[in-house]
file work06.txt (compact mmCIF, N, CA and C atoms)
# COMPACT_ATOMS: atom_id res chain seq x y z
N MET A 1 -75.30 17.14 51.43
CA MET A 1 -75.19 15.73 51.75
C MET A 1 -74.20 15.55 52.90
N MET A 2 -74.52 14.68 53.82
CA MET A 2 -73.63 14.41 54.94
C MET A 2 -72.43 13.60 54.47
N ALA A 3 -71.32 13.83 55.14
CA ALA A 3 -70.10 13.06 54.83
C ALA A 3 -70.27 11.64 55.32
N SER A 4 -69.67 10.73 54.60
CA SER A 4 -69.71 9.34 55.03
C SER A 4 -68.73 9.13 56.17
N ILE A 5 -68.81 7.99 56.81
CA ILE A 5 -67.86 7.65 57.88
C ILE A 5 -66.46 7.68 57.32
N ARG A 6 -66.29 7.16 56.12
CA ARG A 6 -64.96 7.13 55.52
C ARG A 6 -64.41 8.55 55.34
N GLN A 7 -65.23 9.49 54.91
CA GLN A 7 -64.78 10.86 54.70
C GLN A 7 -64.42 11.54 56.02
N ASN A 8 -65.03 11.11 57.10
CA ASN A 8 -64.70 11.69 58.40
C ASN A 8 -63.43 11.09 58.97
N HIS A 9 -62.92 10.03 58.35
CA HIS A 9 -61.69 9.40 58.81
C HIS A 9 -60.51 10.32 58.47
N PRO A 10 -59.55 10.50 59.40
CA PRO A 10 -58.45 11.43 59.14
C PRO A 10 -57.56 11.05 57.95
N GLU A 11 -57.57 9.78 57.54
CA GLU A 11 -56.74 9.37 56.41
C GLU A 11 -57.42 9.58 55.06
N PHE A 12 -58.70 9.95 55.07
CA PHE A 12 -59.42 10.13 53.81
C PHE A 12 -58.91 11.37 53.10
N VAL A 13 -58.46 11.19 51.87
CA VAL A 13 -58.00 12.31 51.05
C VAL A 13 -59.01 12.49 49.94
N PHE A 14 -59.46 13.72 49.74
CA PHE A 14 -60.39 13.99 48.64
C PHE A 14 -59.79 15.06 47.75
N LEU A 15 -59.68 14.75 46.48
CA LEU A 15 -59.24 15.71 45.48
C LEU A 15 -60.45 16.07 44.63
N THR A 16 -60.65 17.36 44.39
CA THR A 16 -61.77 17.76 43.54
C THR A 16 -61.51 17.27 42.12
N LEU A 17 -62.55 17.26 41.31
CA LEU A 17 -62.40 16.83 39.93
C LEU A 17 -61.39 17.72 39.21
N GLU A 18 -61.45 19.00 39.44
CA GLU A 18 -60.50 19.93 38.82
C GLU A 18 -59.06 19.59 39.23
N GLU A 19 -58.85 19.32 40.51
CA GLU A 19 -57.52 18.94 40.98
C GLU A 19 -57.06 17.63 40.33
N GLN A 20 -57.99 16.69 40.19
CA GLN A 20 -57.66 15.42 39.59
C GLN A 20 -57.26 15.59 38.12
N LEU A 21 -58.04 16.35 37.36
CA LEU A 21 -57.76 16.55 35.94
C LEU A 21 -56.43 17.28 35.75
N THR A 22 -56.18 18.27 36.58
CA THR A 22 -54.91 19.01 36.52
C THR A 22 -53.75 18.07 36.81
N GLN A 23 -53.91 17.22 37.83
CA GLN A 23 -52.84 16.30 38.20
C GLN A 23 -52.58 15.27 37.10
N LEU A 24 -53.63 14.75 36.48
CA LEU A 24 -53.44 13.79 35.40
C LEU A 24 -52.65 14.41 34.25
N ALA A 25 -52.96 15.66 33.93
CA ALA A 25 -52.21 16.35 32.87
C ALA A 25 -50.75 16.55 33.28
N LYS A 26 -50.52 16.92 34.55
CA LYS A 26 -49.14 17.07 35.06
C LYS A 26 -48.40 15.74 35.01
N ASP A 27 -49.11 14.66 35.27
CA ASP A 27 -48.49 13.33 35.27
C ASP A 27 -48.04 12.91 33.87
N GLY A 28 -48.57 13.57 32.86
CA GLY A 28 -48.15 13.25 31.50
C GLY A 28 -49.20 12.53 30.66
N TRP A 29 -50.42 12.38 31.21
CA TRP A 29 -51.48 11.76 30.42
C TRP A 29 -51.86 12.69 29.28
N HIS A 30 -52.15 12.12 28.11
CA HIS A 30 -52.55 12.93 26.96
C HIS A 30 -54.00 13.38 27.14
N GLN A 31 -54.39 14.35 26.34
CA GLN A 31 -55.70 14.98 26.47
C GLN A 31 -56.85 13.97 26.34
N GLY A 32 -56.71 12.99 25.45
CA GLY A 32 -57.76 11.98 25.28
C GLY A 32 -57.97 11.15 26.53
N ALA A 33 -56.89 10.82 27.23
CA ALA A 33 -56.98 10.04 28.46
C ALA A 33 -57.65 10.86 29.57
N VAL A 34 -57.29 12.12 29.67
CA VAL A 34 -57.87 12.99 30.69
C VAL A 34 -59.37 13.15 30.43
N LYS A 35 -59.74 13.32 29.16
CA LYS A 35 -61.16 13.44 28.81
C LYS A 35 -61.92 12.16 29.12
N LEU A 36 -61.32 11.01 28.82
CA LEU A 36 -61.96 9.73 29.13
C LEU A 36 -62.18 9.62 30.64
N TYR A 37 -61.19 10.00 31.43
CA TYR A 37 -61.33 9.97 32.89
C TYR A 37 -62.48 10.89 33.34
N GLN A 38 -62.49 12.11 32.80
CA GLN A 38 -63.53 13.06 33.17
C GLN A 38 -64.92 12.53 32.80
N ASP A 39 -65.05 11.96 31.61
CA ASP A 39 -66.34 11.40 31.19
C ASP A 39 -66.77 10.25 32.10
N THR A 40 -65.82 9.42 32.51
CA THR A 40 -66.11 8.31 33.42
C THR A 40 -66.62 8.83 34.75
N ILE A 41 -65.94 9.84 35.28
CA ILE A 41 -66.37 10.46 36.55
C ILE A 41 -67.77 11.04 36.41
N MET A 42 -68.01 11.76 35.33
CA MET A 42 -69.32 12.39 35.15
C MET A 42 -70.43 11.35 35.07
N ARG A 43 -70.18 10.22 34.39
CA ARG A 43 -71.19 9.15 34.32
C ARG A 43 -71.49 8.60 35.71
N VAL A 44 -70.46 8.41 36.50
CA VAL A 44 -70.65 7.88 37.86
C VAL A 44 -71.41 8.89 38.72
N LEU A 45 -71.04 10.16 38.63
CA LEU A 45 -71.71 11.18 39.44
C LEU A 45 -73.16 11.37 39.03
N GLU A 46 -73.48 11.14 37.76
CA GLU A 46 -74.87 11.26 37.30
C GLU A 46 -75.75 10.15 37.87
N MET A 47 -75.15 9.09 38.37
CA MET A 47 -75.92 7.98 38.94
C MET A 47 -76.53 8.36 40.29
N ASP A 48 -76.15 9.51 40.82
CA ASP A 48 -76.68 10.01 42.09
C ASP A 48 -76.48 8.99 43.20
N LEU A 49 -75.25 8.59 43.38
CA LEU A 49 -74.90 7.62 44.41
C LEU A 49 -74.96 8.24 45.79
N MET A 50 -74.98 7.40 46.79
CA MET A 50 -75.08 7.86 48.17
C MET A 50 -73.86 8.68 48.58
N ASP A 51 -72.70 8.31 48.12
CA ASP A 51 -71.47 8.99 48.52
C ASP A 51 -70.65 9.31 47.27
N PRO A 52 -70.96 10.41 46.57
CA PRO A 52 -70.27 10.71 45.32
C PRO A 52 -68.78 10.97 45.49
N GLN A 53 -68.38 11.56 46.62
CA GLN A 53 -66.95 11.82 46.82
C GLN A 53 -66.16 10.52 46.95
N ALA A 54 -66.70 9.57 47.69
CA ALA A 54 -66.02 8.28 47.82
C ALA A 54 -65.97 7.56 46.48
N SER A 55 -67.05 7.66 45.69
CA SER A 55 -67.07 7.04 44.36
C SER A 55 -66.03 7.68 43.46
N GLN A 56 -65.94 9.00 43.54
CA GLN A 56 -64.96 9.72 42.72
C GLN A 56 -63.53 9.33 43.11
N MET A 57 -63.24 9.22 44.38
CA MET A 57 -61.90 8.84 44.81
C MET A 57 -61.61 7.37 44.48
N ARG A 58 -62.63 6.53 44.50
CA ARG A 58 -62.44 5.13 44.12
C ARG A 58 -61.99 5.06 42.66
N LEU A 59 -62.61 5.87 41.79
CA LEU A 59 -62.19 5.91 40.39
C LEU A 59 -60.79 6.51 40.24
N TRP A 60 -60.47 7.50 41.09
CA TRP A 60 -59.13 8.09 41.06
C TRP A 60 -58.07 7.02 41.32
N TYR A 61 -58.31 6.22 42.35
CA TYR A 61 -57.34 5.17 42.66
C TYR A 61 -57.35 4.08 41.59
N ASP A 62 -58.50 3.83 40.97
CA ASP A 62 -58.54 2.86 39.89
C ASP A 62 -57.72 3.35 38.70
N ALA A 63 -57.77 4.65 38.42
CA ALA A 63 -56.96 5.23 37.34
C ALA A 63 -55.47 5.16 37.67
N HIS A 64 -55.14 5.05 38.93
CA HIS A 64 -53.74 4.99 39.37
C HIS A 64 -53.26 3.57 39.64
N ARG A 65 -54.13 2.60 39.41
CA ARG A 65 -53.75 1.20 39.65
C ARG A 65 -53.33 0.59 38.31
N VAL A 66 -52.04 0.44 38.13
CA VAL A 66 -51.50 -0.09 36.88
C VAL A 66 -52.10 -1.47 36.61
N GLY A 67 -52.70 -1.61 35.44
CA GLY A 67 -53.32 -2.88 35.08
C GLY A 67 -54.83 -2.87 35.23
N SER A 68 -55.38 -1.85 35.89
CA SER A 68 -56.84 -1.80 36.04
C SER A 68 -57.48 -1.50 34.69
N GLU A 69 -58.75 -1.78 34.59
CA GLU A 69 -59.47 -1.52 33.34
C GLU A 69 -59.43 -0.03 32.98
N LEU A 70 -59.63 0.84 33.97
CA LEU A 70 -59.62 2.27 33.71
C LEU A 70 -58.23 2.75 33.28
N PHE A 71 -57.19 2.29 33.96
CA PHE A 71 -55.82 2.65 33.59
C PHE A 71 -55.56 2.24 32.14
N HIS A 72 -55.94 1.02 31.80
CA HIS A 72 -55.74 0.51 30.44
C HIS A 72 -56.51 1.35 29.42
N LYS A 73 -57.76 1.66 29.70
CA LYS A 73 -58.56 2.48 28.78
C LYS A 73 -57.94 3.85 28.58
N MET A 74 -57.42 4.43 29.65
CA MET A 74 -56.77 5.74 29.53
C MET A 74 -55.51 5.64 28.68
N LEU A 75 -54.77 4.55 28.85
CA LEU A 75 -53.52 4.38 28.11
C LEU A 75 -53.77 4.24 26.61
N VAL A 76 -54.84 3.57 26.23
CA VAL A 76 -55.10 3.34 24.80
C VAL A 76 -56.12 4.32 24.21
N ALA A 77 -56.59 5.27 24.99
CA ALA A 77 -57.57 6.25 24.49
C ALA A 77 -56.99 6.98 23.28
N GLU A 78 -57.77 7.03 22.22
CA GLU A 78 -57.40 7.71 20.98
C GLU A 78 -56.11 7.17 20.37
N TYR A 79 -55.77 5.95 20.67
CA TYR A 79 -54.53 5.36 20.13
C TYR A 79 -54.74 4.94 18.68
N ARG A 80 -53.79 5.29 17.83
CA ARG A 80 -53.76 4.86 16.44
C ARG A 80 -52.43 4.16 16.21
N PRO A 81 -52.45 2.90 15.79
CA PRO A 81 -51.20 2.16 15.62
C PRO A 81 -50.23 2.83 14.64
N SER A 82 -49.07 3.13 15.13
CA SER A 82 -47.96 3.63 14.33
C SER A 82 -46.74 3.67 15.24
N GLN A 83 -45.57 3.74 14.65
CA GLN A 83 -44.35 3.79 15.46
C GLN A 83 -44.34 5.03 16.35
N ARG A 84 -44.73 6.17 15.78
CA ARG A 84 -44.73 7.43 16.54
C ARG A 84 -45.70 7.35 17.72
N ASN A 85 -46.89 6.81 17.47
CA ASN A 85 -47.88 6.70 18.54
C ASN A 85 -47.46 5.70 19.61
N ALA A 86 -46.82 4.60 19.18
CA ALA A 86 -46.33 3.62 20.16
C ALA A 86 -45.26 4.25 21.05
N THR A 87 -44.38 5.03 20.44
CA THR A 87 -43.34 5.73 21.20
C THR A 87 -43.96 6.71 22.18
N ALA A 88 -45.03 7.38 21.76
CA ALA A 88 -45.72 8.34 22.64
C ALA A 88 -46.35 7.62 23.83
N ARG A 89 -46.91 6.42 23.62
CA ARG A 89 -47.52 5.66 24.73
C ARG A 89 -46.46 5.22 25.73
N ILE A 90 -45.32 4.82 25.22
CA ILE A 90 -44.22 4.44 26.13
C ILE A 90 -43.78 5.66 26.93
N ALA A 91 -43.73 6.81 26.28
CA ALA A 91 -43.35 8.05 26.99
C ALA A 91 -44.35 8.38 28.09
N ILE A 92 -45.63 8.11 27.84
CA ILE A 92 -46.64 8.33 28.88
C ILE A 92 -46.33 7.47 30.09
N LEU A 93 -46.06 6.18 29.86
CA LEU A 93 -45.73 5.29 30.97
C LEU A 93 -44.47 5.74 31.69
N GLU A 94 -43.47 6.19 30.95
CA GLU A 94 -42.24 6.68 31.57
C GLU A 94 -42.54 7.86 32.49
N ASN A 95 -43.39 8.78 32.03
CA ASN A 95 -43.74 9.94 32.86
C ASN A 95 -44.60 9.55 34.05
N VAL A 96 -45.65 8.78 33.78
CA VAL A 96 -46.61 8.41 34.81
C VAL A 96 -45.93 7.64 35.95
N LEU A 97 -45.08 6.70 35.60
CA LEU A 97 -44.43 5.87 36.61
C LEU A 97 -43.08 6.42 37.08
N GLY A 98 -42.64 7.51 36.46
CA GLY A 98 -41.41 8.16 36.90
C GLY A 98 -40.16 7.35 36.62
N PHE A 99 -40.07 6.77 35.43
CA PHE A 99 -38.88 5.98 35.09
C PHE A 99 -37.63 6.86 35.13
N GLN A 100 -36.64 6.42 35.87
CA GLN A 100 -35.34 7.08 35.92
C GLN A 100 -34.27 6.01 36.00
N VAL A 101 -33.19 6.22 35.26
CA VAL A 101 -32.07 5.29 35.31
C VAL A 101 -31.17 5.71 36.45
N ASP A 102 -30.87 4.77 37.36
CA ASP A 102 -30.02 5.10 38.51
C ASP A 102 -28.54 4.95 38.15
N VAL A 103 -27.68 5.21 39.12
CA VAL A 103 -26.23 5.18 38.88
C VAL A 103 -25.73 3.79 38.49
N ASP A 104 -26.47 2.75 38.83
CA ASP A 104 -26.09 1.38 38.47
C ASP A 104 -26.72 0.94 37.16
N ASN A 105 -27.36 1.89 36.46
CA ASN A 105 -27.99 1.64 35.16
C ASN A 105 -29.23 0.76 35.25
N PHE A 106 -29.92 0.82 36.39
CA PHE A 106 -31.20 0.13 36.57
C PHE A 106 -32.31 1.17 36.49
N VAL A 107 -33.43 0.77 35.92
CA VAL A 107 -34.57 1.67 35.84
C VAL A 107 -35.32 1.64 37.16
N GLN A 108 -35.52 2.80 37.73
CA GLN A 108 -36.30 2.95 38.95
C GLN A 108 -37.63 3.60 38.61
N MET A 109 -38.70 3.15 39.23
CA MET A 109 -40.01 3.76 39.04
C MET A 109 -40.28 4.62 40.26
N THR A 110 -39.97 5.90 40.14
CA THR A 110 -40.00 6.81 41.29
C THR A 110 -41.41 7.24 41.69
N ARG A 111 -42.40 6.97 40.85
CA ARG A 111 -43.77 7.37 41.18
C ARG A 111 -44.65 6.16 41.47
N LEU A 112 -44.03 5.06 41.85
CA LEU A 112 -44.77 3.85 42.15
C LEU A 112 -44.81 3.68 43.66
N GLY A 113 -46.02 3.60 44.22
CA GLY A 113 -46.18 3.49 45.66
C GLY A 113 -46.75 2.15 46.09
N PHE A 114 -46.98 2.03 47.36
CA PHE A 114 -47.57 0.82 47.94
C PHE A 114 -49.08 0.99 48.03
N TRP A 115 -49.82 0.00 47.54
CA TRP A 115 -51.28 0.06 47.55
C TRP A 115 -51.80 0.29 48.96
N SER A 116 -51.20 -0.36 49.93
CA SER A 116 -51.67 -0.25 51.32
C SER A 116 -51.49 1.17 51.87
N GLU A 117 -50.66 1.99 51.25
CA GLU A 117 -50.42 3.36 51.71
C GLU A 117 -51.06 4.41 50.81
N ARG A 118 -51.97 4.00 49.93
CA ARG A 118 -52.51 4.91 48.93
C ARG A 118 -53.24 6.12 49.50
N ASN A 119 -53.82 5.98 50.69
CA ASN A 119 -54.52 7.12 51.29
C ASN A 119 -53.54 8.22 51.72
N HIS A 120 -52.29 7.86 51.93
CA HIS A 120 -51.27 8.84 52.31
C HIS A 120 -50.54 9.39 51.09
N THR A 121 -50.63 8.69 49.97
CA THR A 121 -49.88 9.07 48.77
C THR A 121 -50.79 9.04 47.54
N PRO A 122 -51.81 9.91 47.50
CA PRO A 122 -52.80 9.81 46.42
C PRO A 122 -52.29 10.22 45.04
N LEU A 123 -51.10 10.77 44.93
CA LEU A 123 -50.59 11.19 43.63
C LEU A 123 -49.65 10.17 43.01
N LEU A 124 -49.43 9.05 43.69
CA LEU A 124 -48.57 8.01 43.14
C LEU A 124 -49.41 7.00 42.35
N TYR A 125 -48.73 6.07 41.69
CA TYR A 125 -49.38 4.98 40.97
C TYR A 125 -49.03 3.68 41.67
N TYR A 126 -49.83 2.64 41.45
CA TYR A 126 -49.70 1.42 42.24
C TYR A 126 -49.82 0.18 41.38
N LEU A 127 -49.04 -0.83 41.72
CA LEU A 127 -49.22 -2.16 41.15
C LEU A 127 -50.03 -2.95 42.17
N HIS A 128 -51.29 -3.14 41.88
CA HIS A 128 -52.14 -3.90 42.80
C HIS A 128 -53.13 -4.68 41.96
N ILE A 129 -52.87 -5.93 41.79
CA ILE A 129 -53.77 -6.81 41.05
C ILE A 129 -54.18 -7.92 42.00
N ASP A 130 -55.43 -7.89 42.43
CA ASP A 130 -55.88 -8.93 43.35
C ASP A 130 -56.74 -9.97 42.65
N ASP A 131 -56.91 -9.82 41.36
CA ASP A 131 -57.73 -10.76 40.61
C ASP A 131 -57.15 -10.87 39.20
N THR A 132 -56.88 -12.06 38.75
CA THR A 132 -56.23 -12.22 37.45
C THR A 132 -57.07 -11.72 36.30
N LYS A 133 -58.37 -11.56 36.46
CA LYS A 133 -59.18 -11.04 35.35
C LYS A 133 -58.86 -9.56 35.09
N HIS A 134 -58.20 -8.89 36.03
CA HIS A 134 -57.80 -7.51 35.82
C HIS A 134 -56.50 -7.37 35.05
N LEU A 135 -55.79 -8.46 34.85
CA LEU A 135 -54.52 -8.39 34.12
C LEU A 135 -54.77 -8.17 32.64
N ARG A 136 -53.90 -7.38 32.04
CA ARG A 136 -53.97 -7.12 30.59
C ARG A 136 -52.75 -7.74 29.94
N ASN A 137 -52.92 -8.12 28.68
CA ASN A 137 -51.76 -8.62 27.92
C ASN A 137 -50.75 -7.51 27.73
call {"tool": "encode", "arguments": {"input": "work06.txt", "output": "structure tokens"}}
result
Amino acid sequence: MMASIRQNHPEFVFLTLEEQLTQLAKDGWHQGAVKLYQDTIMRVLEMDLMDPQASQMRLWYDAHRVGSELFHKMLVAEYRPSQRNATARIAILENVLGFQVDVDNFVQMTRLGFWSERNHTPLLYYLHIDDTKHLRN
């Protein structure tokens, strides 16, 4: 298949599915979330779209957009209500967003990037909500 115009652009970053799954695990996502992401990718790729790489990267960025439907589904995948499980979900967010307490005792999110720069920083997470229907309680 020929590369799309977007893929020929020097700012286009493509991570293979294996690289993506490895990175999600490194980021601290639990196995159920990684499997949900993989299943989502496989469903999209089975649709035989014109540009599967661009579709795959679009889902990658959706998984990294805090508040998106995919991010939310990954966060609650295999969740069972209990204090221990709630603590584990908070730990996932701490790892994923890189929570660190600075010298002034403020929490910094060291893995949070700018949506407009996502093509240069594909391993960061982003707060980008352009439509209120994407917001979660």
call {"tool": "atom_distance", "arguments": {"input": "work06.txt", "atom1": "atom C of A:Leu70", "atom2": "atom C of A:Asp51"}}
result
19.8 Å
call {"tool": "atom_distance", "arguments": {"input": "work06.txt", "atom1": "atom CA of A:Gly98", "atom2": "atom CA of A:Gly28"}}
result
10.0 Å
call {"tool": "closest_residue", "arguments": {"input": "work06.txt", "among": "A:Leu36, A:Met57, A:Val96, A:Met50", "to": "A:Leu15", "atoms": "all atoms listed in the file"}}
result
A:Met57
call {"tool": "atom_distance", "arguments": {"input": "work06.txt", "atom1": "atom N of A:Val66", "atom2": "atom N of A:Val103"}}
result
24.8 Å
call {"tool": "residues_around", "arguments": {"input": "work06.txt", "residues": "stretch 77-84 of chain A", "least_positions_apart": "6", "cutoff": "8 Å", "atoms": "only N, CA and C atoms", "output": "PyMOL selection string"}}
result
chain A and resi 31-34+36+71+90
call {"tool": "select_by_dssp", "arguments": {"input": "work06.txt", "residues": "chain A", "states": "helix (DSSP H, G or I)", "output": "JSON, numbers by chain"}}
result
{"A": [5, 6, 7, 8, 17, 18, 19, 20, 21, 22, 23, 24, 25, 26, 27, 31, 32, 33, 34, 35, 36, 37, 38, 39, 40, 41, 42, 43, 44, 45, 46, 52, 53, 54, 55, 56, 57, 58, 59, 60, 61, 62, 63, 69, 70, 71, 72, 73, 74, 75, 76, 83, 84, 85, 86, 87, 88, 89, 90, 91, 92, 93, 94, 95, 96, 97, 115, 116, 117, 132, 133, 134]}
call {"tool": "residues_around", "arguments": {"input": "work06.txt", "residues": "A:Thr22", "least_positions_apart": "3", "cutoff": "12 Å", "atoms": "only C-alpha atoms", "output": "PDB file with N, CA and C atoms, in the frame of the given file"}}
result
ATOM      1  N   LEU A  15     -59.680  14.750  46.480  1.00  0.00           N
ATOM      2  CA  LEU A  15     -59.240  15.710  45.480  1.00  0.00           C
ATOM      3  C   LEU A  15     -60.450  16.070  44.630  1.00  0.00           C
ATOM      4  N   THR A  16     -60.650  17.360  44.390  1.00  0.00           N
ATOM      5  CA  THR A  16     -61.770  17.760  43.540  1.00  0.00           C
ATOM      6  C   THR A  16     -61.510  17.270  42.120  1.00  0.00           C
ATOM      7  N   LEU A  17     -62.550  17.260  41.310  1.00  0.00           N
ATOM      8  CA  LEU A  17     -62.400  16.830  39.930  1.00  0.00           C
ATOM      9  C   LEU A  17     -61.390  17.720  39.210  1.00  0.00           C
ATOM     10  N   GLU A  18     -61.450  19.000  39.440  1.00  0.00           N
ATOM     11  CA  GLU A  18     -60.500  19.930  38.820  1.00  0.00           C
ATOM     12  C   GLU A  18     -59.060  19.590  39.230  1.00  0.00           C
ATOM     13  N   GLU A  19     -58.850  19.320  40.510  1.00  0.00           N
ATOM     14  CA  GLU A  19     -57.520  18.940  40.980  1.00  0.00           C
ATOM     15  C   GLU A  19     -57.060  17.630  40.330  1.00  0.00           C
ATOM     16  N   ALA A  25     -52.960  15.660  33.930  1.00  0.00           N
ATOM     17  CA  ALA A  25     -52.210  16.350  32.870  1.00  0.00           C
ATOM     18  C   ALA A  25     -50.750  16.550  33.280  1.00  0.00           C
ATOM     19  N   LYS A  26     -50.520  16.920  34.550  1.00  0.00           N
ATOM     20  CA  LYS A  26     -49.140  17.070  35.060  1.00  0.00           C
ATOM     21  C   LYS A  26     -48.400  15.740  35.010  1.00  0.00           C
ATOM     22  N   ASP A  27     -49.110  14.660  35.270  1.00  0.00           N
ATOM     23  CA  ASP A  27     -48.490  13.330  35.270  1.00  0.00           C
ATOM     24  C   ASP A  27     -48.040  12.910  33.870  1.00  0.00           C
ATOM     25  N   GLY A  28     -48.570  13.570  32.860  1.00  0.00           N
ATOM     26  CA  GLY A  28     -48.150  13.250  31.500  1.00  0.00           C
ATOM     27  C   GLY A  28     -49.200  12.530  30.660  1.00  0.00           C
ATOM     28  N   TRP A  29     -50.420  12.380  31.210  1.00  0.00           N
ATOM     29  CA  TRP A  29     -51.480  11.760  30.420  1.00  0.00           C
ATOM     30  C   TRP A  29     -51.860  12.690  29.280  1.00  0.00           C
ATOM     31  N   HIS A  30     -52.150  12.120  28.110  1.00  0.00           N
ATOM     32  CA  HIS A  30     -52.550  12.930  26.960  1.00  0.00           C
ATOM     33  C   HIS A  30     -54.000  13.380  27.140  1.00  0.00           C
ATOM     34  N   GLN A  31     -54.390  14.350  26.340  1.00  0.00           N
ATOM     35  CA  GLN A  31     -55.700  14.980  26.470  1.00  0.00           C
ATOM     36  C   GLN A  31     -56.850  13.970  26.340  1.00  0.00           C
ATOM     37  N   VAL A  34     -57.290  12.120  29.670  1.00  0.00           N
ATOM     38  CA  VAL A  34     -57.870  12.990  30.690  1.00  0.00           C
ATOM     39  C   VAL A  34     -59.370  13.150  30.430  1.00  0.00           C
ATOM     40  N   LYS A  35     -59.740  13.320  29.160  1.00  0.00           N
ATOM     41  CA  LYS A  35     -61.160  13.440  28.810  1.00  0.00           C
ATOM     42  C   LYS A  35     -61.920  12.160  29.120  1.00  0.00           C
ATOM     43  N   TYR A  37     -61.190  10.000  31.430  1.00  0.00           N
ATOM     44  CA  TYR A  37     -61.330   9.970  32.890  1.00  0.00           C
ATOM     45  C   TYR A  37     -62.480  10.890  33.340  1.00  0.00           C
ATOM     46  N   GLN A  38     -62.490  12.110  32.800  1.00  0.00           N
ATOM     47  CA  GLN A  38     -63.530  13.060  33.170  1.00  0.00           C
ATOM     48  C   GLN A  38     -64.920  12.530  32.800  1.00  0.00           C
ATOM     49  N   LEU A 123     -51.100  10.770  44.930  1.00  0.00           N
ATOM     50  CA  LEU A 123     -50.590  11.190  43.630  1.00  0.00           C
ATOM     51  C   LEU A 123     -49.650  10.170  43.010  1.00  0.00           C
TER      52      LEU A 123
END
call {"tool": "residues_around", "arguments": {"input": "work06.txt", "residues": "A:Arg89", "least_positions_apart": "3", "cutoff": "8 Å", "atoms": "only C-alpha atoms", "output": "VMD selection string"}}
result
chain A and resid 75 to 76 85 to 86 92 to 93
call {"tool": "closest_residue", "arguments": {"input": "work06.txt", "among": "A:Leu59, A:Leu124, A:Leu21, A:Ala88", "to": "A:Leu45", "atoms": "only C-alpha atoms"}}
result
A:Leu59
call {"tool": "select_by_dssp", "arguments": {"input": "work06.txt", "residues": "stretch 1-112 of chain A", "states": "strand (DSSP E or B)", "output": "list in words"}}
result
Arg65, Val66, Phe99, Gln100, Val101, Val107, Gln108, Met109 and Leu112 of chain A
